[in-house]
$ cat coords_25.txt   # compact mmCIF, C-alpha atoms
# COMPACT_ATOMS: atom_id res chain seq x y z
CA MET A 1446 0.00 0.00 0.00
CA TYR A 1447 2.77 2.42 0.89
CA SER A 1448 5.99 3.52 -0.82
CA GLU A 1449 9.14 1.48 -0.84
CA VAL A 1450 10.86 1.49 2.53
CA SER A 1451 14.03 2.88 0.95
CA ARG A 1452 12.15 6.10 0.07
CA ARG A 1453 11.09 6.74 3.63
CA THR A 1454 13.21 9.34 5.35
CA ASN A 1455 11.06 11.25 7.83
CA THR A 1456 10.62 10.82 11.56
CA TYR A 1457 7.35 11.87 13.21
CA PHE A 1458 6.57 12.61 16.86
CA ILE A 1459 3.06 12.85 18.31
CA SER A 1460 1.70 12.82 21.86
CA ASP A 1461 -1.34 13.35 24.06
CA LEU A 1462 -4.06 12.06 21.76
CA HIS A 1463 -6.10 10.93 24.80
CA LEU A 1464 -8.09 8.53 22.68
CA GLY A 1465 -11.17 7.24 24.48
CA ALA A 1466 -11.41 10.18 26.89
CA ALA A 1467 -14.94 10.41 28.26
CA TYR A 1468 -14.74 14.20 28.47
CA LEU A 1469 -14.19 14.71 24.71
CA ASP A 1470 -16.99 14.91 22.14
CA ARG A 1471 -17.24 12.74 19.02
CA PRO A 1472 -14.70 10.09 20.02
CA ILE A 1473 -15.10 8.01 16.85
CA ASP A 1474 -14.62 11.06 14.63
CA ARG A 1475 -11.49 11.95 16.58
CA GLU A 1476 -10.15 8.44 16.13
CA ARG A 1477 -10.86 8.64 12.39
CA ALA A 1478 -8.98 11.95 12.21
CA ILE A 1479 -5.94 10.43 13.90
CA VAL A 1480 -6.05 7.45 11.54
CA GLY A 1481 -6.26 9.89 8.64
CA PHE A 1482 -3.16 11.65 9.89
CA LEU A 1483 -1.24 8.39 10.29
CA ARG A 1484 -2.12 7.31 6.77
CA SER A 1485 -1.12 10.72 5.43
CA ILE A 1486 2.43 10.32 6.77
CA ALA A 1487 2.86 6.59 6.18
CA ALA A 1488 4.36 6.91 2.70
CA ASP A 1489 7.42 8.91 3.81
CA ALA A 1490 7.72 7.85 7.47
CA ALA A 1491 10.80 5.86 8.41
CA ARG A 1492 9.81 5.93 12.07
CA ILE A 1493 7.03 7.21 14.31
CA TYR A 1494 7.34 8.05 18.00
CA LEU A 1495 4.14 8.02 20.05
CA VAL A 1496 5.24 10.11 23.03
CA GLY A 1497 2.76 9.13 25.72
CA ASP A 1498 -0.88 9.61 26.71
CA ILE A 1499 -1.91 8.25 23.34
CA LEU A 1500 -4.83 6.57 25.12
CA ASP A 1501 -6.65 8.29 27.94
CA TYR A 1502 -6.80 4.98 29.82
CA TRP A 1503 -5.38 1.53 29.24
CA PHE A 1504 -4.96 -1.48 31.47
CA GLU A 1505 -3.72 -4.69 29.95
CA TYR A 1506 -4.96 -7.89 31.58
CA ARG A 1507 -3.28 -11.21 30.89
CA THR A 1508 -5.98 -12.46 28.49
CA VAL A 1509 -8.29 -9.45 28.07
CA VAL A 1510 -7.73 -6.02 26.54
CA PRO A 1511 -10.02 -2.96 26.78
CA ARG A 1512 -12.64 -2.42 24.10
CA GLY A 1513 -12.26 0.28 21.49
CA TYR A 1514 -9.41 1.79 19.43
CA VAL A 1515 -10.03 -0.68 16.58
CA ARG A 1516 -9.40 1.82 13.78
CA PHE A 1517 -6.34 3.23 15.49
CA PHE A 1518 -4.73 -0.12 16.28
CA GLY A 1519 -5.54 -1.34 12.78
CA ALA A 1520 -3.78 1.67 11.25
CA LEU A 1521 -0.72 1.14 13.47
CA ALA A 1522 -0.57 -2.54 12.48
CA GLU A 1523 -0.90 -1.69 8.80
CA ILE A 1524 1.89 0.88 9.00
CA ALA A 1525 4.14 -1.33 11.12
CA ASP A 1526 3.64 -4.24 8.70
CA SER A 1527 4.79 -2.00 5.86
CA GLY A 1528 8.17 -1.54 7.54
CA VAL A 1529 7.79 1.66 9.56
CA GLU A 1530 9.47 1.56 12.97
CA ILE A 1531 6.97 2.58 15.67
CA THR A 1532 7.99 3.34 19.25
CA TRP A 1533 5.39 4.00 21.96
CA LEU A 1534 6.67 5.76 25.08
CA ILE A 1535 4.06 5.35 27.78
CA GLY A 1536 2.72 8.38 29.59
CA ASN A 1537 0.82 8.84 32.83
CA HIS A 1538 -2.51 7.80 31.25
CA ASP A 1539 -1.47 4.79 29.15
CA ILE A 1540 0.93 3.66 31.87
CA TRP A 1541 -0.29 0.06 32.17
CA MET A 1542 0.87 -1.13 28.79
CA PHE A 1543 2.81 -4.38 28.75
CA ASP A 1544 3.22 -6.84 25.85
CA TYR A 1545 -0.06 -6.94 23.91
CA LEU A 1546 0.68 -4.17 21.41
CA ARG A 1547 4.31 -5.21 21.20
CA ASP A 1548 3.41 -8.77 20.28
CA GLN A 1549 0.30 -8.15 18.19
CA ILE A 1550 1.35 -5.05 16.26
CA GLY A 1551 5.12 -5.21 16.40
CA ILE A 1552 5.76 -1.84 18.01
CA LYS A 1553 8.39 -1.08 20.62
CA VAL A 1554 6.96 -0.08 24.01
CA VAL A 1555 9.18 1.99 26.30
CA ASP A 1556 8.57 2.95 29.93
CA GLY A 1557 10.83 5.96 30.35
CA ALA A 1558 12.98 8.00 27.99
CA VAL A 1559 14.66 7.21 24.69
CA THR A 1560 18.01 8.75 23.79
CA THR A 1561 18.93 8.01 20.20
CA ASP A 1562 20.69 9.27 17.08
CA ILE A 1563 18.49 9.98 14.06
CA ASP A 1564 20.24 10.98 10.85
CA GLY A 1565 23.26 12.21 12.78
CA ARG A 1566 21.33 14.28 15.33
CA ARG A 1567 21.00 13.39 19.00
CA PHE A 1568 17.46 13.18 20.44
CA PHE A 1569 16.17 12.87 23.98
CA ILE A 1570 12.52 11.77 23.83
CA CYS A 1571 10.25 11.42 26.87
CA HIS A 1572 6.61 11.94 27.78
CA GLY A 1573 7.74 14.36 30.47
CA ASP A 1574 5.45 13.67 33.43
CA GLY A 1575 8.35 12.53 35.63
CA LEU A 1576 10.78 15.34 34.82
CA GLY A 1577 11.70 18.27 37.01
CA LYS A 1578 10.30 19.10 40.42
CA LEU A 1579 7.11 17.11 41.11
CA ALA A 1580 4.43 17.78 43.68
CA PRO A 1581 4.59 15.20 46.52
CA SER A 1582 1.03 14.02 45.77
CA PHE A 1583 1.79 13.47 42.07
CA ARG A 1584 5.08 11.75 42.89
CA PHE A 1585 3.26 9.39 45.29
CA ILE A 1586 0.51 8.53 42.78
CA ARG A 1587 3.05 8.04 40.00
CA SER A 1588 5.13 5.62 42.08
CA MET A 1589 2.02 3.73 43.20
CA PHE A 1590 0.78 3.31 39.62
CA ARG A 1591 4.17 1.88 38.61
CA ASN A 1592 4.39 -0.50 41.57
CA ARG A 1593 4.07 -4.13 40.43
CA PHE A 1594 2.27 -5.20 43.60
CA CYS A 1595 -0.31 -2.43 43.20
CA GLN A 1596 -0.75 -3.40 39.56
CA LYS A 1597 -1.50 -7.00 40.54
CA ILE A 1598 -4.09 -5.88 43.09
CA TYR A 1599 -5.71 -3.61 40.52
CA ALA A 1600 -5.76 -6.42 37.94
CA ALA A 1601 -7.67 -8.62 40.40
CA ILE A 1602 -10.60 -6.18 40.43
CA HIS A 1603 -13.26 -6.73 37.78
CA PRO A 1604 -12.94 -4.33 34.81
CA ARG A 1605 -16.54 -3.16 35.23
CA TRP A 1606 -15.29 -1.31 38.30
CA THR A 1607 -11.77 -0.32 37.31
CA VAL A 1608 -12.61 1.06 33.85
CA GLY A 1609 -15.45 3.20 35.16
CA PHE A 1610 -13.32 4.48 38.01
CA ALA A 1611 -10.43 5.33 35.67
CA HIS A 1612 -12.63 7.35 33.32
CA TRP A 1613 -14.24 9.15 36.27
CA TRP A 1614 -10.80 9.95 37.70
CA SER A 1615 -9.57 11.33 34.38
CA ALA A 1616 -12.69 13.41 33.75
CA SER A 1617 -12.70 14.78 37.32
CA ASN A 1618 -9.29 16.34 36.69
CA ARG A 1619 -10.37 18.00 33.44
CA ASP A 1620 -13.14 20.29 32.33
CA TYR A 1621 -12.30 21.36 28.80
CA ASP A 1622 -15.58 23.22 28.37
CA ARG A 1623 -14.67 25.74 31.07
CA ALA A 1624 -10.95 25.38 31.81
CA PRO A 1625 -8.58 27.84 30.11
CA ARG A 1626 -6.40 26.53 27.33
CA PRO A 1627 -2.93 25.57 28.65
CA VAL A 1628 -0.30 28.28 28.16
CA PHE A 1629 3.45 27.84 28.44
CA SER A 1630 3.99 30.27 31.28
CA GLY A 1631 4.39 30.52 35.02
CA ALA A 1632 5.43 27.46 37.00
CA MET A 1633 5.12 25.13 34.00
CA LYS A 1634 7.47 27.19 31.86
CA ASP A 1635 9.95 27.82 34.68
CA GLY A 1636 10.06 24.15 35.69
CA VAL A 1637 10.42 22.70 32.21
CA GLU A 1638 13.03 25.23 31.10
CA ALA A 1639 15.07 24.81 34.29
CA TRP A 1640 15.09 21.04 33.84
CA ALA A 1641 16.00 21.35 30.13
CA GLU A 1642 18.86 23.76 30.84
CA SER A 1643 20.22 21.40 33.47
CA TYR A 1644 19.91 18.40 31.14
CA VAL A 1645 21.74 19.97 28.20
CA SER A 1646 24.49 21.24 30.49
CA GLU A 1647 25.12 17.61 31.49
CA HIS A 1648 24.53 16.25 27.96
CA PRO A 1649 25.94 18.84 25.55
CA GLU A 1650 25.74 16.36 22.67
CA VAL A 1651 21.92 16.54 22.62
CA ASP A 1652 20.37 18.43 19.71
CA PHE A 1653 16.66 18.00 20.44
CA ILE A 1654 14.60 17.44 23.59
CA ILE A 1655 11.16 16.11 22.60
CA LEU A 1656 8.44 16.13 25.27
CA GLY A 1657 4.67 15.71 25.56
CA HIS A 1658 2.46 15.91 28.66
CA HIS A 1659 1.98 19.67 28.90
CA HIS A 1660 -0.56 20.12 26.05
CA VAL A 1661 1.26 23.16 24.65
CA MET A 1662 3.22 23.68 21.44
CA VAL A 1663 6.75 24.90 22.19
CA ASP A 1664 9.86 25.13 20.02
CA GLU A 1665 12.65 27.16 21.60
CA ALA A 1666 16.40 27.20 22.03
CA VAL A 1667 17.90 25.70 25.16
CA GLY A 1668 21.61 25.83 25.93
CA PRO A 1669 24.19 26.67 23.25
CA LYS A 1670 22.75 24.45 20.47
CA ALA A 1671 19.80 22.33 21.58
CA ARG A 1672 16.08 22.87 21.00
CA LEU A 1673 13.25 22.11 23.37
CA VAL A 1674 10.15 20.87 21.54
CA ILE A 1675 6.87 20.19 23.36
CA LEU A 1676 4.46 18.45 21.01
CA GLY A 1677 1.13 19.98 21.99
CA ASP A 1678 -1.83 17.59 21.91
CA TRP A 1679 -4.89 16.43 19.99
CA ILE A 1680 -7.38 18.22 22.23
CA TYR A 1681 -6.52 21.81 21.39
CA ASN A 1682 -3.68 21.77 18.86
CA TYR A 1683 -3.85 18.60 16.69
CA SER A 1684 -0.09 18.90 16.42
CA TYR A 1685 3.00 16.86 15.70
CA ALA A 1686 6.69 17.29 14.92
CA GLU A 1687 8.35 16.22 11.68
CA PHE A 1688 12.10 15.67 11.22
CA ASP A 1689 13.28 15.23 7.63
CA GLY A 1690 16.92 14.49 8.46
CA GLU A 1691 17.94 18.13 8.37
CA LYS A 1692 15.29 20.27 10.03
CA LEU A 1693 12.62 19.64 12.65
CA GLU A 1694 9.28 21.43 12.39
CA LEU A 1695 6.34 21.60 14.76
CA LYS A 1696 3.14 21.41 12.70
CA GLN A 1697 -0.64 21.09 12.99
CA TYR A 1698 -2.86 18.66 11.10
CA ALA A 1699 -5.16 21.04 9.26
CA THR A 1700 -7.97 18.52 8.69
CA ALA A 1701 -8.49 17.87 12.42
CA LEU A 1702 -7.79 21.48 13.38
CA SER A 1703 -10.64 22.75 11.20
CA GLU A 1704 -13.06 19.97 12.18
CA PHE A 1705 -12.64 20.11 15.96
CA ASN A 1706 -11.35 23.61 16.62
CA ASN A 1707 -14.72 24.86 17.84
CA ILE A 1708 -15.27 21.97 20.27
CA SER A 1709 -12.40 22.45 22.69
CA GLN A 1710 -11.88 26.20 22.73
$ encode --input "coords_25.txt" --output "structure tokens"
Amino acid sequence: MYSEVSRRTNTYFISDLHLGAAYLDRPIDRERAIVGFLRSIAADAARIYLVGDILDYWFEYRTVVPRGYVRFFGALAEIADSGVEITWLIGNHDIWMFDYLRDQIGIKVVDGAVTTDIDGRRFFICHGDGLGKLAPSFRFIRSMFRNRFCQKIYAAIHPRWTVGFAHWWSASNRDYDRAPRPVFSGAMKDGVEAWAESYVSEHPEVDFIILGHHHVMVDEAVGPKARLVILGDWIYNYSYAEFDGEKLELKQYATALSEFNNISQ
């Protein structure tokens, strides 16, 4: 279906799709838009990085997986089968991802950061929820969610309870009809920039820091040569980054931007 693998040169980064979120309108249309985007880049993509919170909730049982995401997973499988390298870095919403997508689709699942060379440039890629100074409550919840014993206890509870609770928890922390759109300012900006400056001072070889999590689009210099890129989201921005081997650009997918722009403002 797609071009020869040898013609593929681009690397794409996307984060914070929050597929399946109960607080977002028209979930199937949103999934179709994301699939449309993936298919639009498949012909020239050498690799795709999904940089966390791709799903608003996911818990992988030993023999059962959550319902939904059929179009999205099908598109990923189709693209992976064509030879595109797909890496999924888990975020704080799709944290409980283990081996199902790895084995069934053939994607690489990473819990943590990826530091890699792409076409001669050094990248640090991470969802970003665990970076910098964290509030004690968030740090506690994050460590509990990653604790294997807690995961086993959670897995023992019937999904009819856990899935409903997870969606309630997520929606209770968000009100996109009334909440202001996230802006890269104040404590967020100060914390992320301070962490990035510290990181590049210790790793001067890094050219790009790619983050998600904050739901803002940012592309700015950090240190003597590096760039800090925050990927935005698919709630407000419908954004992604594209690296063609020479330059990296932060872009928006016009089709989704025009279709959903009036929903989440």
$ closest_residue --input "coords_25.txt" --among "A:His1572, A:Arg1516, A:Arg1507, A:His1538" --to "Glu1476 of chain A" --atoms "all atoms listed in the file"
A:Arg1516
$ residues_around --input "coords_25.txt" --residues "Ala1686 of chain A" --least-positions-apart "5" --cutoff "7 Å" --atoms "only C-alpha atoms" --output "list in words"
Tyr1457, Phe1458, Ile1459, Leu1676, Leu1693, Glu1694, Leu1695 and Lys1696 of chain A
$ closest_residue --input "coords_25.txt" --among "A:Asp1498, A:Ile1524, A:Tyr1685, A:Gly1519" --to "Arg1484 of chain A" --atoms "only C-alpha atoms"
A:Ile1524
$ residues_around --input "coords_25.txt" --residues "segment 1646-1661 of chain A" --least-positions-apart "4" --cutoff "9 Å" --atoms "only C-alpha atoms" --output "ChimeraX atom specification"
/A:1458-1461,1496-1498,1536-1537,1560,1566-1574,1626-1629,1633,1641-1642,1668-1682,1686,1693
$ closest_residue --input "coords_25.txt" --among "A:Asp1539, A:Asp1562, A:Glu1638, A:Asp1664" --to "Thr1456 of chain A" --atoms "all atoms listed in the file"
A:Asp1562
$ atom_distance --input "coords_25.txt" --atom1 "atom CA of Ala1466 of chain A" --atom2 "atom CA of Glu1704 of chain A"
17.7 Å
$ atom_distance --input "coords_25.txt" --atom1 "atom CA of Ile1479 of chain A" --atom2 "atom CA of Met1542 of chain A"
20.0 Å
$ atom_distance --input "coords_25.txt" --atom1 "atom CA of Ser1630 of chain A" --atom2 "atom CA of His1463 of chain A"
22.8 Å
$ residues_around --input "coords_25.txt" --residues "Ala1699 of chain A" --least-positions-apart "3" --cutoff "8 Å" --atoms "only C-alpha atoms" --output "list in words"
Tyr1683, Leu1702 and Ser1703 of chain A
$ closest_residue --input "coords_25.txt" --among "A:Ala1487, A:Asp1635, A:Phe1517, A:Gly1551" --to "Asp1474 of chain A" --atoms "only C-alpha atoms"
A:Phe1517
$ closest_residue --input "coords_25.txt" --among "A:Val1510, A:Ile1563, A:Ile1552, A:Leu1462" --to "Phe1688 of chain A" --atoms "only C-alpha atoms"
A:Ile1563
